[in-house]
Amino acid sequence: MRRTLLALTAALLASAPIAAQTIQTTPTDRVIDQGTNHSEVMRIAQYLTDVIGARLTNSPGIRKAEDWTQAKFREWGLVDVHKEGFAFGRGWSNEKLAVRMVAPRPLQLIAAPLPWTPGTNGAVTGEVVLAPLADEAAFAQYRGKLKGKVVLITEPKDIEDPTEPAFKRWSVEELAKRDFYDLPNGDGERPFNPARYTFAGKRDAFLKEEGAIGYAIMSSRNGKLVHGQNSQFQVGQSGTLPGIEIAAEDYRRLARLAKMGARPTLEIDSVNRFDDSDTKAYNILADIPGTDPKAGYVMAGAHLDSWAMGDGAADNAAGSAMVMEAARIIRASGIRTKRAIRFALWAGEEQGLLGSMAYVEAHVAKRPVDPSAGGIVRYMTWSRAFPITPGPDHGKLAAYFNLDNGSGKIRGIYAQGNTAVMPIFEQWFTPFHAMGATMVSARRTGSTDHVFFDAVGIPAFQFIQDPLDYGSMVHHTDVDTFDHLKADDMRQGATILAAFLINAANSDQPLPRAPLATAPTPADRFYPFPESAH
């Protein structure tokens, strides 16, 4: 027995130096451990969707989300957590919508309210009239014919048959096709016509003057999917008549009945609320400090707002949850970085990337845009305005990464034509090849919140994600709910985002930048010289 105890003691003493050693792990392995074994991403997404729900900019839902996301950032130990306001417009919410056909037979219809239109103040009933109003020239045709009517203002049309599966992941071959470079040539943009975006107000005024009791548009998708989108959010520009979107199948039926003289009649009961107590929208910002105050910062963002239908799950609670989870992963991993890391949850994205544009204008760079322009008009003119004037953060912001293509697995990243950054990203993806992330594409992609950062010379990028059923079914629709989110994909996405942020924040040199844009030279292939040249 004594010999056994002595042998055991000797063994423990021999192993003590090894046990006392600090086990070394790489930052990437610590990030993967946190992002996979201890993930919170689906809990974040579920609260944003099931509990809070739709988050239309300046609605009660987005206000709740603003408070909750700030509280979570503070809980995880981020600093300078705050919301930053910018001019937006009216608050609006829908509490009830019931639409049914009462003649020639009773039938419940699928419909969505159009945001920033008023309710009906009780149930109203009116005969349906098909009166497509595509432009002001159409007003004369229907003058004197719309009093007391519910007006179908869009011509019903057949929607193209689907040629792709409703749910898909990129194959290796399909992914490879996403790597191409569109040569900018200075003549690819059509002249911008602001009148296109002011017609809705003129149409609304015409319908009101004619005594219509409401109007309807047709959903752009089959399958009883509805969206509920509208751009009349600015103060003084909201609609004055109840507006609804009707499912494509129901809308076509109404149009056919109206055309054959069957006099279809609708009953609409809509309760909508306006709130003008605060016309600012708010971006949510939170920081993890860097070890070198002079090194600047890197940034990740996603838009927190959604449209009014569904719960805004794939668009874009998914991206918001992955950005928040990346912040939690980095804090929980205890990894310190030279540069600070800033996390942003944008508002007003659905109305024209307005939140990220406001941040860029306030901190990064300005462009000579007409100060009276707002909403989608400001969005359409901003990138065409020169010269660019760098702001206080232009030299400090080293990189921006965005997530806004649903909950699909990250398969790569768009380099936005920044060829110098491509070999760097290829190296950063190496640990994640086995997770399916391999592609670095030279391609430029748009329509997400990286656009205005990229437009002023900041290295700004959107990840390539598996499409899943994002474009075919859930994008902006009433079925955009938690059920369509893929947990494994979102854990992978948050983990990769955290790793990219750490790499960008710790690199010896900031990521390479493309030249600061100047007004492009027109390069028409057939008429290469302007008319005045000789």
# chains A, B, ... in the order shown; residues from 1 in each chain; ligands from 1
$ select_by_dssp --residues "region 70-185 of chain A" --states "strand (DSSP E)" --output "number ranges by chain"
A: 79-87, 91-103, 107-108, 111-113, 124-130, 150-152
$ residues_around --residues "Met473 (chain A)" --least-positions-apart "3" --cutoff "9 Å" --atoms "only C-alpha atoms" --output "list in words"
Ala166, Phe167, Arg221, Gly223, Leu225, Asp469, Tyr470, His476, Thr477, Val479 and Asp480 of chain A
$ residues_around --residues "Ala318 (chain A)" --least-positions-apart "6" --cutoff "8 Å" --atoms "only C-alpha atoms" --output "list in words"
Ala45, Asp404, Gly406, Ser407, Leu485 and Met490 of chain A
$ closest_atom_pairs --of "region 341-430 of chain A" --to "region 67-90 of chain A" --cutoff "9 Å" --atoms "only C-alpha atoms" --output "Markdown table"
| residue | atom | partner | partner_atom | distance |
| --- | --- | --- | --- | --- |
| A:Leu345 | CA | A:Thr69 | CA | 8.7 |
| A:Gly348 | CA | A:Phe88 | CA | 7.7 |
| A:Leu354 | CA | A:Phe88 | CA | 8.2 |
| A:Gly355 | CA | A:Phe86 | CA | 7.4 |
| A:Ala358 | CA | A:Phe86 | CA | 6.5 |
| A:Tyr359 | CA | A:Glu84 | CA | 8.4 |
| A:Gly374 | CA | A:Phe88 | CA | 8.4 |
| A:Gly375 | CA | A:Phe88 | CA | 7.8 |
$ closest_atom_pairs --of "region 165-263 of chain A" --to "region 429-445 of chain A" --cutoff "12 Å" --atoms "only C-alpha atoms" --output "CSV"
residue,atom,partner,partner_atom,distance
A:Arg169,CA,A:Gly436,CA,10.9
A:Trp170,CA,A:Gly436,CA,10.1
A:Ser171,CA,A:Gly436,CA,10.4
A:Val172,CA,A:Met439,CA,9.4
A:Glu173,CA,A:Met439,CA,11.3
A:Glu174,CA,A:Met439,CA,11.0
A:Leu175,CA,A:Met439,CA,7.3
A:Ala176,CA,A:Met439,CA,7.5
A:Lys177,CA,A:Ser441,CA,9.3
A:Arg178,CA,A:Ser441,CA,6.6
A:Asp179,CA,A:Ser441,CA,4.4
A:Phe180,CA,A:Arg443,CA,5.2
A:Tyr181,CA,A:Arg443,CA,4.9
A:Asp182,CA,A:Arg443,CA,6.9
A:Leu183,CA,A:Arg443,CA,9.8
A:Pro184,CA,A:Arg444,CA,10.2
$ select_by_dssp --residues "region 68-244 of chain A" --states "helix (DSSP H, G or I)" --output "PyMOL selection string"
chain A and resi 68-75+136-142+172-176+194-197+199-210
$ closest_atom_pairs --of "region 81-104 of chain A" --to "region 121-129 of chain A" --cutoff "9 Å" --atoms "only C-alpha atoms" --output "JSON lines"
{"residue": "A:Ala98", "atom": "CA", "partner": "A:Ala123", "partner_atom": "CA", "distance": 8.7}
{"residue": "A:Val102", "atom": "CA", "partner": "A:Thr125", "partner_atom": "CA", "distance": 8.6}
{"residue": "A:Ala103", "atom": "CA", "partner": "A:Glu127", "partner_atom": "CA", "distance": 8.7}
$ write_last_selection --atoms "N, CA, C and O atoms" --output "short mmCIF file (atom, residue, chain, number, x, y, z; two decimals), in the first residue's frame"
data_model
loop_
_atom_site.label_atom_id
_atom_site.label_comp_id
_atom_site.auth_asym_id
_atom_site.auth_seq_id
_atom_site.Cartn_x
_atom_site.Cartn_y
_atom_site.Cartn_z
N ALA A 98 -59.41 43.57 -41.77
CA ALA A 98 -60.29 42.50 -42.23
C ALA A 98 -60.87 42.92 -43.57
O ALA A 98 -61.46 44.00 -43.68
N VAL A 102 -68.36 40.72 -50.15
CA VAL A 102 -69.73 40.46 -49.66
C VAL A 102 -70.69 40.23 -50.82
O VAL A 102 -71.82 39.78 -50.60
N ALA A 103 -70.29 40.54 -52.04
CA ALA A 103 -71.10 40.27 -53.22
C ALA A 103 -70.15 40.10 -54.41
O ALA A 103 -69.10 40.74 -54.45
#
$ residues_around --residues "Lys486 (chain A)" --least-positions-apart "5" --cutoff "9 Å" --atoms "only C-alpha atoms" --output "PDB file with all heavy atoms, in the first residue's frame"
ATOM      1  N   MET A  42     -29.969  32.275 -31.941  1.00  0.00           N
ATOM      2  CA  MET A  42     -31.382  31.993 -32.173  1.00  0.00           C
ATOM      3  C   MET A  42     -32.261  32.561 -31.064  1.00  0.00           C
ATOM      4  O   MET A  42     -33.432  32.898 -31.310  1.00  0.00           O
ATOM      5  CB  MET A  42     -31.607  30.491 -32.334  1.00  0.00           C
ATOM      6  CG  MET A  42     -30.900  29.892 -33.549  1.00  0.00           C
ATOM      7  SD  MET A  42     -31.212  30.804 -35.095  1.00  0.00           S
ATOM      8  CE  MET A  42     -32.936  30.384 -35.392  1.00  0.00           C
ATOM      9  N   SER A 407     -31.082  34.292 -43.627  1.00  0.00           N
ATOM     10  CA  SER A 407     -30.393  33.481 -42.613  1.00  0.00           C
ATOM     11  C   SER A 407     -29.501  32.424 -43.223  1.00  0.00           C
ATOM     12  O   SER A 407     -28.990  31.554 -42.516  1.00  0.00           O
ATOM     13  CB  SER A 407     -31.421  32.810 -41.688  1.00  0.00           C
ATOM     14  OG  SER A 407     -32.097  31.751 -42.361  1.00  0.00           O
ATOM     15  N   GLY A 408     -29.295  32.456 -44.551  1.00  0.00           N
ATOM     16  CA  GLY A 408     -28.503  31.420 -45.205  1.00  0.00           C
ATOM     17  C   GLY A 408     -27.045  31.430 -44.791  1.00  0.00           C
ATOM     18  O   GLY A 408     -26.475  32.459 -44.414  1.00  0.00           O
ATOM     19  N   LYS A 409     -26.427  30.276 -44.901  1.00  0.00           N
ATOM     20  CA  LYS A 409     -25.021  30.100 -44.564  1.00  0.00           C
ATOM     21  C   LYS A 409     -24.148  31.047 -45.391  1.00  0.00           C
ATOM     22  O   LYS A 409     -24.397  31.283 -46.570  1.00  0.00           O
ATOM     23  CB  LYS A 409     -24.626  28.654 -44.859  1.00  0.00           C
ATOM     24  CG  LYS A 409     -23.175  28.295 -44.602  1.00  0.00           C
ATOM     25  CD  LYS A 409     -22.854  26.875 -45.068  1.00  0.00           C
ATOM     26  CE  LYS A 409     -23.652  25.851 -44.278  1.00  0.00           C
ATOM     27  NZ  LYS A 409     -23.267  24.458 -44.680  1.00  0.00           N
ATOM     28  N   ARG A 491     -25.495  30.295 -36.847  1.00  0.00           N
ATOM     29  CA  ARG A 491     -24.333  30.105 -35.962  1.00  0.00           C
ATOM     30  C   ARG A 491     -23.042  30.219 -36.763  1.00  0.00           C
ATOM     31  O   ARG A 491     -22.077  30.853 -36.317  1.00  0.00           O
ATOM     32  CB  ARG A 491     -24.407  28.742 -35.271  1.00  0.00           C
ATOM     33  CG  ARG A 491     -25.509  28.638 -34.222  1.00  0.00           C
ATOM     34  CD  ARG A 491     -25.354  27.398 -33.363  1.00  0.00           C
ATOM     35  NE  ARG A 491     -25.421  26.171 -34.145  1.00  0.00           N
ATOM     36  CZ  ARG A 491     -24.910  25.011 -33.771  1.00  0.00           C
ATOM     37  NH1 ARG A 491     -24.248  24.908 -32.642  1.00  0.00           N
ATOM     38  NH2 ARG A 491     -25.048  23.942 -34.539  1.00  0.00           N
TER      39      ARG A 491
END
$ residues_around --residues "region 506-522 of chain A" --least-positions-apart "3" --cutoff "8 Å" --atoms "only C-alpha atoms" --output "number ranges by chain"
A: 185-187, 337-339, 384-388, 398-399, 418, 420-421, 455-459, 502-503, 528
$ residues_around --residues "Asp478 (chain A)" --least-positions-apart "5" --cutoff "6 Å" --atoms "only C-alpha atoms" --output "ChimeraX atom specification"
/A:226,309-310
$ closest_residue --among "A:Gln465, A:Ser93, A:Thr57, A:Gln108" --to "Leu353 (chain A)" --atoms "only C-alpha atoms"
A:Thr57
$ residues_around --residues "Val51 (chain A)" --least-positions-apart "5" --cutoff "12 Å" --atoms "only C-alpha atoms" --output "number ranges by chain"
A: 43-46, 61-62, 64-65, 68, 311-313, 317, 481-482
$ write_last_selection --atoms "N, CA and C atoms" --output "CSV table (one decimal), in the first residue's frame"
chain,number,residue,atom,x,y,z
A,43,ARG,N,-31.7,32.7,-29.9
A,43,ARG,CA,-32.5,33.3,-28.8
A,43,ARG,C,-32.7,34.8,-29.1
A,44,ILE,N,-31.6,35.4,-29.7
A,44,ILE,CA,-31.7,36.8,-30.1
A,44,ILE,C,-32.8,37.0,-31.2
A,45,ALA,N,-32.7,36.1,-32.2
A,45,ALA,CA,-33.6,36.2,-33.3
A,45,ALA,C,-35.0,35.9,-32.9
A,46,GLN,N,-35.2,35.0,-32.0
A,46,GLN,CA,-36.6,34.7,-31.5
A,46,GLN,C,-37.2,35.9,-30.8
A,61,GLY,N,-43.1,48.7,-32.8
A,61,GLY,CA,-42.2,47.6,-32.8
A,61,GLY,C,-40.7,48.0,-32.8
A,62,ILE,N,-40.4,48.9,-33.7
A,62,ILE,CA,-39.0,49.3,-33.7
A,62,ILE,C,-38.5,50.0,-32.5
A,64,LYS,N,-39.5,49.3,-29.4
A,64,LYS,CA,-39.2,48.3,-28.5
A,64,LYS,C,-37.9,47.6,-28.8
A,65,ALA,N,-37.6,47.4,-30.1
A,65,ALA,CA,-36.4,46.8,-30.5
A,65,ALA,C,-35.2,47.7,-30.2
A,68,TRP,N,-34.5,47.1,-26.5
A,68,TRP,CA,-34.0,45.8,-26.1
A,68,TRP,C,-32.6,45.5,-26.6
A,311,ASP,N,-42.9,38.9,-39.4
A,311,ASP,CA,-42.1,39.4,-38.2
A,311,ASP,C,-40.7,39.9,-38.6
A,312,GLY,N,-40.5,40.1,-39.9
A,312,GLY,CA,-39.2,40.6,-40.3
A,312,GLY,C,-38.1,39.7,-39.9
A,313,ALA,N,-38.2,38.4,-40.1
A,313,ALA,CA,-37.3,37.4,-39.6
A,313,ALA,C,-36.0,37.3,-40.5
A,317,ALA,N,-34.1,40.4,-39.1
A,317,ALA,CA,-33.8,39.9,-37.8
A,317,ALA,C,-32.6,39.0,-37.8
A,481,THR,N,-41.2,34.7,-41.0
A,481,THR,CA,-41.3,34.4,-39.5
A,481,THR,C,-40.1,33.6,-39.1
A,482,PHE,N,-40.0,33.4,-37.8
A,482,PHE,CA,-38.9,32.6,-37.2
A,482,PHE,C,-38.7,31.3,-37.8
$ closest_residue --among "A:Ala332, A:Ala140, A:Ala131, A:Ala111" --to "Lys259 (chain A)" --atoms "only C-alpha atoms"
A:Ala131
$ closest_residue --among "A:Leu152, A:Ala262, A:Arg143, A:Asn222" --to "Glu209 (chain A)" --atoms "only C-alpha atoms"
A:Arg143
$ decode --residues "region 30-48 of chain A" --atoms "N, CA, C and O atoms" --output "short mmCIF file (atom, residue, chain, number, x, y, z; two decimals), in the first residue's frame"
data_model
loop_
_atom_site.label_atom_id
_atom_site.label_comp_id
_atom_site.auth_asym_id
_atom_site.auth_seq_id
_atom_site.Cartn_x
_atom_site.Cartn_y
_atom_site.Cartn_z
N ARG A 30 -11.12 30.00 -30.34
CA ARG A 30 -11.97 30.52 -29.26
C ARG A 30 -13.27 31.08 -29.81
O ARG A 30 -14.35 30.91 -29.23
N VAL A 31 -13.19 31.74 -30.96
CA VAL A 31 -14.39 32.26 -31.61
C VAL A 31 -15.31 31.11 -32.04
O VAL A 31 -16.53 31.16 -31.82
N ILE A 32 -14.73 30.07 -32.65
CA ILE A 32 -15.54 28.94 -33.09
C ILE A 32 -16.19 28.25 -31.90
O ILE A 32 -17.38 27.85 -31.96
N ASP A 33 -15.47 28.11 -30.80
CA ASP A 33 -16.05 27.49 -29.60
C ASP A 33 -17.25 28.30 -29.10
O ASP A 33 -18.32 27.74 -28.83
N GLN A 34 -17.08 29.61 -28.97
CA GLN A 34 -18.18 30.45 -28.50
C GLN A 34 -19.35 30.45 -29.47
O GLN A 34 -20.51 30.39 -29.08
N GLY A 35 -19.03 30.53 -30.77
CA GLY A 35 -20.08 30.65 -31.77
C GLY A 35 -20.84 29.38 -32.05
O GLY A 35 -21.94 29.44 -32.62
N THR A 36 -20.28 28.24 -31.67
CA THR A 36 -20.97 26.98 -31.93
C THR A 36 -21.47 26.32 -30.65
O THR A 36 -22.63 25.95 -30.55
N ASN A 37 -20.60 26.20 -29.65
CA ASN A 37 -20.99 25.50 -28.43
C ASN A 37 -21.79 26.36 -27.46
O ASN A 37 -22.45 25.83 -26.56
N HIS A 38 -21.71 27.66 -27.59
CA HIS A 38 -22.38 28.55 -26.62
C HIS A 38 -23.22 29.62 -27.32
O HIS A 38 -23.44 30.71 -26.78
N SER A 39 -23.72 29.31 -28.49
CA SER A 39 -24.41 30.31 -29.31
C SER A 39 -25.68 30.83 -28.65
O SER A 39 -26.45 30.09 -28.02
N GLU A 40 -25.91 32.13 -28.83
CA GLU A 40 -27.15 32.78 -28.39
C GLU A 40 -27.93 33.33 -29.59
O GLU A 40 -28.93 34.01 -29.42
N VAL A 41 -27.47 33.04 -30.82
CA VAL A 41 -28.01 33.75 -31.98
C VAL A 41 -29.49 33.50 -32.19
O VAL A 41 -30.25 34.41 -32.55
N MET A 42 -29.97 32.28 -31.94
CA MET A 42 -31.38 31.99 -32.17
C MET A 42 -32.26 32.56 -31.06
O MET A 42 -33.43 32.90 -31.31
N ARG A 43 -31.73 32.67 -29.86
CA ARG A 43 -32.50 33.33 -28.80
C ARG A 43 -32.68 34.81 -29.12
O ARG A 43 -33.75 35.38 -28.87
N ILE A 44 -31.62 35.43 -29.65
CA ILE A 44 -31.72 36.83 -30.07
C ILE A 44 -32.76 36.97 -31.17
O ILE A 44 -33.65 37.84 -31.12
N ALA A 45 -32.67 36.11 -32.17
CA ALA A 45 -33.60 36.18 -33.30
C ALA A 45 -35.03 35.93 -32.87
O ALA A 45 -35.96 36.58 -33.36
N GLN A 46 -35.22 35.00 -31.96
CA GLN A 46 -36.59 34.70 -31.54
C GLN A 46 -37.22 35.86 -30.78
O GLN A 46 -38.40 36.16 -30.95
N TYR A 47 -36.42 36.56 -29.97
CA TYR A 47 -37.00 37.70 -29.25
C TYR A 47 -37.38 38.80 -30.24
O TYR A 47 -38.45 39.42 -30.12
N LEU A 48 -36.51 39.04 -31.22
CA LEU A 48 -36.81 40.09 -32.20
C LEU A 48 -38.04 39.77 -33.02
O LEU A 48 -38.75 40.69 -33.47
#
